[in-house]
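Below is the file entry.cif, which contains mmCIF, C-alpha atoms.
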```
data_protein
loop_
_atom_site.label_atom_id
_atom_site.label_comp_id
_atom_site.auth_asym_id
_atom_site.auth_seq_id
_atom_site.Cartn_x
_atom_site.Cartn_y
_atom_site.Cartn_z
CA MET X 1 0.00 0.00 0.00
CA THR X 2 1.35 3.43 -0.96
CA ASP X 3 1.75 5.97 1.80
CA PRO X 4 -0.29 9.13 0.94
CA GLN X 5 2.69 11.19 2.08
CA ASP X 6 4.64 9.78 -0.88
CA GLN X 7 2.25 11.56 -3.25
CA ARG X 8 2.18 14.89 -1.43
CA LEU X 9 3.07 18.02 -3.31
CA GLY X 10 5.83 20.29 -2.02
CA VAL X 11 5.02 23.99 -1.67
CA VAL X 12 7.49 26.87 -1.41
CA VAL X 13 6.11 30.38 -0.86
CA VAL X 14 8.57 33.11 -1.88
CA THR X 15 7.81 36.79 -1.32
CA HIS X 16 9.21 40.22 -0.68
CA GLY X 17 9.68 40.79 3.05
CA GLN X 18 7.96 38.63 5.65
CA LEU X 19 4.77 38.06 3.65
CA ALA X 20 5.73 34.43 2.89
CA ASN X 21 6.15 33.61 6.59
CA GLU X 22 2.87 35.27 7.51
CA LEU X 23 0.91 33.60 4.71
CA VAL X 24 2.22 30.17 5.74
CA ASN X 25 1.50 30.93 9.42
CA ALA X 26 -2.05 32.03 8.60
CA ALA X 27 -2.66 28.95 6.44
CA GLU X 28 -1.45 26.78 9.31
CA MET X 29 -3.88 28.52 11.70
CA ILE X 30 -6.74 27.60 9.36
CA ALA X 31 -5.69 24.19 8.02
CA GLY X 32 -3.56 22.80 10.83
CA GLU X 33 0.01 21.59 10.52
CA LEU X 34 1.37 22.08 7.01
CA VAL X 35 3.43 19.22 5.63
CA GLN X 36 6.04 19.92 2.97
CA PHE X 37 5.48 23.71 3.03
CA GLU X 38 8.33 26.21 3.25
CA ALA X 39 8.39 30.00 3.35
CA VAL X 40 11.24 32.04 1.88
CA ALA X 41 11.19 35.72 2.84
CA LEU X 42 13.47 37.79 0.64
CA GLY X 43 14.93 40.97 2.08
CA TRP X 44 15.38 44.16 0.14
CA HIS X 45 19.16 43.84 0.18
CA ASP X 46 19.49 40.10 -0.46
CA GLU X 47 21.91 39.26 -3.25
CA PRO X 48 20.14 37.39 -6.10
CA ASN X 49 22.48 34.38 -5.95
CA ALA X 50 22.05 34.03 -2.19
CA ALA X 51 18.27 34.41 -2.55
CA ARG X 52 18.21 31.74 -5.27
CA ASP X 53 20.22 29.45 -2.98
CA GLN X 54 17.59 29.95 -0.24
CA ILE X 55 14.85 28.96 -2.66
CA ALA X 56 16.83 25.94 -3.89
CA ALA X 57 17.33 24.74 -0.30
CA ALA X 58 13.61 25.10 0.43
CA VAL X 59 12.73 23.21 -2.77
CA ALA X 60 15.09 20.40 -1.75
CA ARG X 61 13.45 20.15 1.69
CA VAL X 62 9.89 19.83 0.35
CA ARG X 63 10.51 17.93 -2.89
CA GLY X 64 8.56 14.73 -3.35
CA PRO X 65 7.40 12.53 -6.22
CA ALA X 66 4.42 14.83 -6.95
CA GLY X 67 6.73 17.80 -7.57
CA VAL X 68 7.02 21.29 -6.11
CA LEU X 69 4.94 24.42 -6.57
CA ILE X 70 6.72 27.72 -6.00
CA LEU X 71 4.19 30.44 -5.21
CA THR X 72 5.35 34.04 -5.42
CA ASP X 73 3.77 37.37 -4.57
CA MET X 74 3.77 39.16 -7.92
CA PHE X 75 4.84 38.56 -11.48
CA GLY X 76 7.95 40.48 -12.46
CA GLY X 77 9.31 40.86 -8.94
CA THR X 78 12.51 39.27 -7.70
CA PRO X 79 10.74 36.29 -6.05
CA SER X 80 8.94 35.52 -9.31
CA ASN X 81 11.99 36.06 -11.48
CA LEU X 82 14.08 33.77 -9.29
CA GLY X 83 11.30 31.17 -9.13
CA ILE X 84 11.09 31.07 -12.91
CA THR X 85 14.75 30.02 -13.08
CA PHE X 86 13.67 26.67 -11.57
CA LEU X 87 11.32 25.85 -14.47
CA GLU X 88 14.09 23.92 -16.21
CA ASP X 89 13.14 21.16 -13.75
CA ASP X 90 9.93 19.53 -15.02
CA ALA X 91 8.97 18.70 -11.42
CA ILE X 92 8.65 22.40 -10.51
CA GLU X 93 5.98 24.93 -11.47
CA VAL X 94 5.62 28.59 -10.49
CA ILE X 95 2.41 30.48 -9.69
CA THR X 96 2.46 34.24 -9.13
CA GLY X 97 -0.06 36.23 -7.09
CA VAL X 98 -0.20 33.86 -4.11
CA ASN X 99 -3.07 34.36 -1.69
CA LEU X 100 -4.25 32.68 1.50
CA PRO X 101 -7.11 30.69 -0.08
CA MET X 102 -4.62 29.08 -2.47
CA LEU X 103 -2.45 27.91 0.41
CA VAL X 104 -5.39 26.55 2.38
CA LYS X 105 -6.55 24.63 -0.71
CA LEU X 106 -3.04 23.23 -1.23
CA ALA X 107 -2.83 22.24 2.43
CA ASN X 108 -5.94 20.12 1.96
CA LEU X 109 -4.86 18.58 -1.34
CA GLU X 110 -4.10 15.05 -0.19
CA ARG X 111 -3.59 13.09 -3.39
CA PRO X 112 -2.96 15.14 -6.49
CA GLN X 113 -5.09 13.71 -9.31
CA SER X 114 -3.60 15.71 -12.15
CA GLY X 115 -0.08 16.59 -13.17
CA LEU X 116 1.85 19.49 -11.73
CA LEU X 117 0.82 21.95 -14.45
CA GLY X 118 -2.83 20.95 -13.99
CA ILE X 119 -2.60 21.51 -10.24
CA ALA X 120 -0.96 24.90 -10.83
CA ARG X 121 -3.79 25.92 -13.15
CA GLN X 122 -6.39 24.72 -10.62
CA MET X 123 -4.72 26.80 -7.90
CA ARG X 124 -4.65 29.85 -10.17
CA GLU X 125 -8.39 29.52 -10.72
CA HIS X 126 -9.04 28.92 -7.02
CA GLY X 127 -7.05 32.04 -6.15
CA ARG X 128 -8.99 34.10 -8.68
CA GLU X 129 -12.35 32.80 -7.47
CA ALA X 130 -11.47 33.75 -3.90
CA ILE X 131 -11.17 37.44 -4.80
CA ARG X 132 -14.50 39.15 -4.23
CA VAL X 133 -15.96 42.63 -4.03
CA ALA X 134 -18.16 42.39 -0.93
CA SER X 135 -20.73 44.87 -2.24
CA ASP X 136 -21.32 42.66 -5.26
CA LEU X 137 -22.27 39.83 -2.92
CA ILE X 138 -24.40 41.90 -0.57
CA ARG X 139 -26.02 44.20 -3.13
CA PRO X 140 -25.78 42.36 -6.45
CA ASP X 141 -27.97 44.91 -8.27
CA SER X 142 -25.80 47.86 -7.24
CA ASP X 143 -23.96 49.69 -10.03
CA SER X 144 -21.65 51.61 -7.71
#
```

Hey, can you dump this file as structure tokens for me?
Amino acid sequence: MTDPQDQRLGVVVVTHGQLANELVNAAEMIAGELVQFEAVALGWHDEPNAARDQIAAAVARVRGPAGVLILTDMFGGTPSNLGITFLEDDAIEVITGVNLPMLVKLANLERPQSGLLGIARQMREHGREAIRVASDLIRPDSDS
């Protein structure tokens, strides 16, 4: 019998400042202990090579047979640009625009049913769907 842990997806959250740590902490408050999750908080003065080494070490710690998702704060920023350098490895995918609902969903993803790219696309859609304008929900007929 295969251990479900053998199929778990690794997750590395990489952001400017302490956002990565706080997102992972908040996800853990909601979903419980996070397995194979790492946060990499890049400082404003971190050298790119040293920052890339931090990401590589985090990827190595969470890597499993299902692959690794690197989630970054915004496309075009240093975390995203460094994350993209890992795409040469087919077992790694990068998603930009990380949000808390994405991390909670990933925390509860026990046995990935689709490939890494499919999971990344599902998480992108989940993240988008989680963004709401409250007035649209409360007053759906409002034009303001």

- Query: Restricting the calculation to all atoms listed in the file, which member of X:Asp73, X:Glu38, X:Glu93, X:Asp136 is positioned closest to Ala60 of chain X?
  - Reply: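 Using all atoms listed in the file, Ala60 of chain X sits closest to X:Glu38.
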
- Note on the structure: If you count all atoms listed in the file, the residue of X:Val104, X:Ala20, X:Ile131, X:Val14 closest to Gly32 of chain X turns out to be X:Val104

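Each of X:Gln122, X:Gln36, X:Ser135, X:Thr96 was checked against Ser80 of chain X using only C-alpha atoms; the smallest atom-to-atom distance is that of X:Thr96.
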
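Residue nearest Val13 of chain X, chosen from X:Leu87, X:Ile30, X:Gly64, X:Asn99 and counting all atoms listed in the file: X:Asn99.
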
- Run the PyMOL selection byres ((chain X and resi 65) around 9) against the file shown and list the residues it catches, as a PyMOL selection string. chain X and resi 6-10+63-64+66-68+91

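One distance worth recording is that between atom CA of Leu117 of chain X and atom CA of Ile92 of chain X, which is 8.8 Å.
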
- Counting all atoms listed in the file, what is within 7 Å of Pro79 of chain X, bar same-chain residues fewer than 3 positions away, as a ChimeraX atom specification? /X:14-16,72,82-83

- Task: Could you tell me how far atom CA of Phe37 of chain X lies from atom CA of Gln54 of chain X, in Å and to one decimal?
- Result: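 Separation of atom CA of Phe37 of chain X and atom CA of Gln54 of chain X: 14.0 Å.
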
- Query: If we count all atoms listed in the file, what is near His126 of chain X at a cut-off of 12 Å, once residues fewer than 2 positions away on the same chain are taken out, given as an MDAnalysis selection string?
  - Reply: chainID X and resid 95 97:106 119:124 128:132

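Between atom CA of Asp89 of chain X and atom CA of Glu125 of chain X lies a distance of 23.3 Å.
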
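Counting all atoms listed in the file, the residue from X:Gly115, X:Val11, X:Thr78, X:Asn25 that sits nearest to Trp44 of chain X is X:Thr78.
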
- List, as a PyMOL selection string, every residue that the PyMOL selection byres ((chain X and resi 18) around 10) selects in the file provided. chain X and resi 14-17+19-23+39-43

- Task: Could you tell me which of X:Met74, X:Val12, X:Leu109, X:Ile84 comes closest to Arg61 of chain X if we count all atoms listed in the file?
- Result: X:Val12

Padding of 3 Å on every side, edges along x, y and z, all listed atoms of segment 6-18 of chain X included: what centre and edge lengths in Å, to one decimal, does that box have, as lines of an AutoDock Vina configuration file?
```
center_x = 5.9
center_y = 25.3
center_z = 1.2
size_x = 13.5
size_y = 37.0
size_z = 15.0
```

Regenerate segment 34-49 of chain X at the level of N, CA and C atoms and dump it as a PDB file, keeping the file's coordinate frame.
```pdb
ATOM      1  N   LEU X  34       1.090  22.165   8.446  1.00  0.00           N
ATOM      2  CA  LEU X  34       1.370  22.080   7.010  1.00  0.00           C
ATOM      3  C   LEU X  34       2.564  21.172   6.789  1.00  0.00           C
ATOM      4  N   VAL X  35       2.370  20.176   5.946  1.00  0.00           N
ATOM      5  CA  VAL X  35       3.430  19.220   5.630  1.00  0.00           C
ATOM      6  C   VAL X  35       4.012  19.587   4.278  1.00  0.00           C
ATOM      7  N   GLN X  36       5.317  19.620   4.205  1.00  0.00           N
ATOM      8  CA  GLN X  36       6.040  19.920   2.970  1.00  0.00           C
ATOM      9  C   GLN X  36       5.733  21.331   2.447  1.00  0.00           C
ATOM     10  N   PHE X  37       5.624  22.285   3.355  1.00  0.00           N
ATOM     11  CA  PHE X  37       5.480  23.710   3.030  1.00  0.00           C
ATOM     12  C   PHE X  37       6.708  24.434   3.566  1.00  0.00           C
ATOM     13  N   GLU X  38       7.218  25.367   2.810  1.00  0.00           N
ATOM     14  CA  GLU X  38       8.330  26.210   3.250  1.00  0.00           C
ATOM     15  C   GLU X  38       8.033  27.650   2.857  1.00  0.00           C
ATOM     16  N   ALA X  39       8.488  28.579   3.662  1.00  0.00           N
ATOM     17  CA  ALA X  39       8.390  30.000   3.350  1.00  0.00           C
ATOM     18  C   ALA X  39       9.797  30.551   3.156  1.00  0.00           C
ATOM     19  N   VAL X  40       9.972  31.359   2.122  1.00  0.00           N
ATOM     20  CA  VAL X  40      11.240  32.040   1.880  1.00  0.00           C
ATOM     21  C   VAL X  40      10.932  33.531   1.795  1.00  0.00           C
ATOM     22  N   ALA X  41      11.416  34.273   2.774  1.00  0.00           N
ATOM     23  CA  ALA X  41      11.190  35.720   2.840  1.00  0.00           C
ATOM     24  C   ALA X  41      12.440  36.426   2.340  1.00  0.00           C
ATOM     25  N   LEU X  42      12.318  37.096   1.210  1.00  0.00           N
ATOM     26  CA  LEU X  42      13.470  37.790   0.640  1.00  0.00           C
ATOM     27  C   LEU X  42      13.530  39.220   1.148  1.00  0.00           C
ATOM     28  N   GLY X  43      14.715  39.600   1.610  1.00  0.00           N
ATOM     29  CA  GLY X  43      14.930  40.970   2.080  1.00  0.00           C
ATOM     30  C   GLY X  43      15.295  41.893   0.937  1.00  0.00           C
ATOM     31  N   TRP X  44      15.137  43.166   1.181  1.00  0.00           N
ATOM     32  CA  TRP X  44      15.380  44.160   0.140  1.00  0.00           C
ATOM     33  C   TRP X  44      16.834  44.175  -0.324  1.00  0.00           C
ATOM     34  N   HIS X  45      17.744  43.767   0.535  1.00  0.00           N
ATOM     35  CA  HIS X  45      19.160  43.840   0.180  1.00  0.00           C
ATOM     36  C   HIS X  45      19.781  42.463  -0.070  1.00  0.00           C
ATOM     37  N   ASP X  46      18.960  41.440  -0.188  1.00  0.00           N
ATOM     38  CA  ASP X  46      19.490  40.100  -0.460  1.00  0.00           C
ATOM     39  C   ASP X  46      20.103  40.059  -1.857  1.00  0.00           C
ATOM     40  N   GLU X  47      21.262  39.456  -1.946  1.00  0.00           N
ATOM     41  CA  GLU X  47      21.910  39.260  -3.250  1.00  0.00           C
ATOM     42  C   GLU X  47      21.128  38.191  -4.016  1.00  0.00           C
ATOM     43  N   PRO X  48      20.918  38.364  -5.316  1.00  0.00           N
ATOM     44  CA  PRO X  48      20.140  37.390  -6.100  1.00  0.00           C
ATOM     45  C   PRO X  48      20.654  35.956  -6.003  1.00  0.00           C
ATOM     46  N   ASN X  49      21.957  35.751  -6.035  1.00  0.00           N
ATOM     47  CA  ASN X  49      22.480  34.380  -5.950  1.00  0.00           C
ATOM     48  C   ASN X  49      22.203  33.752  -4.595  1.00  0.00           C
TER      49      ASN X  49
END
```
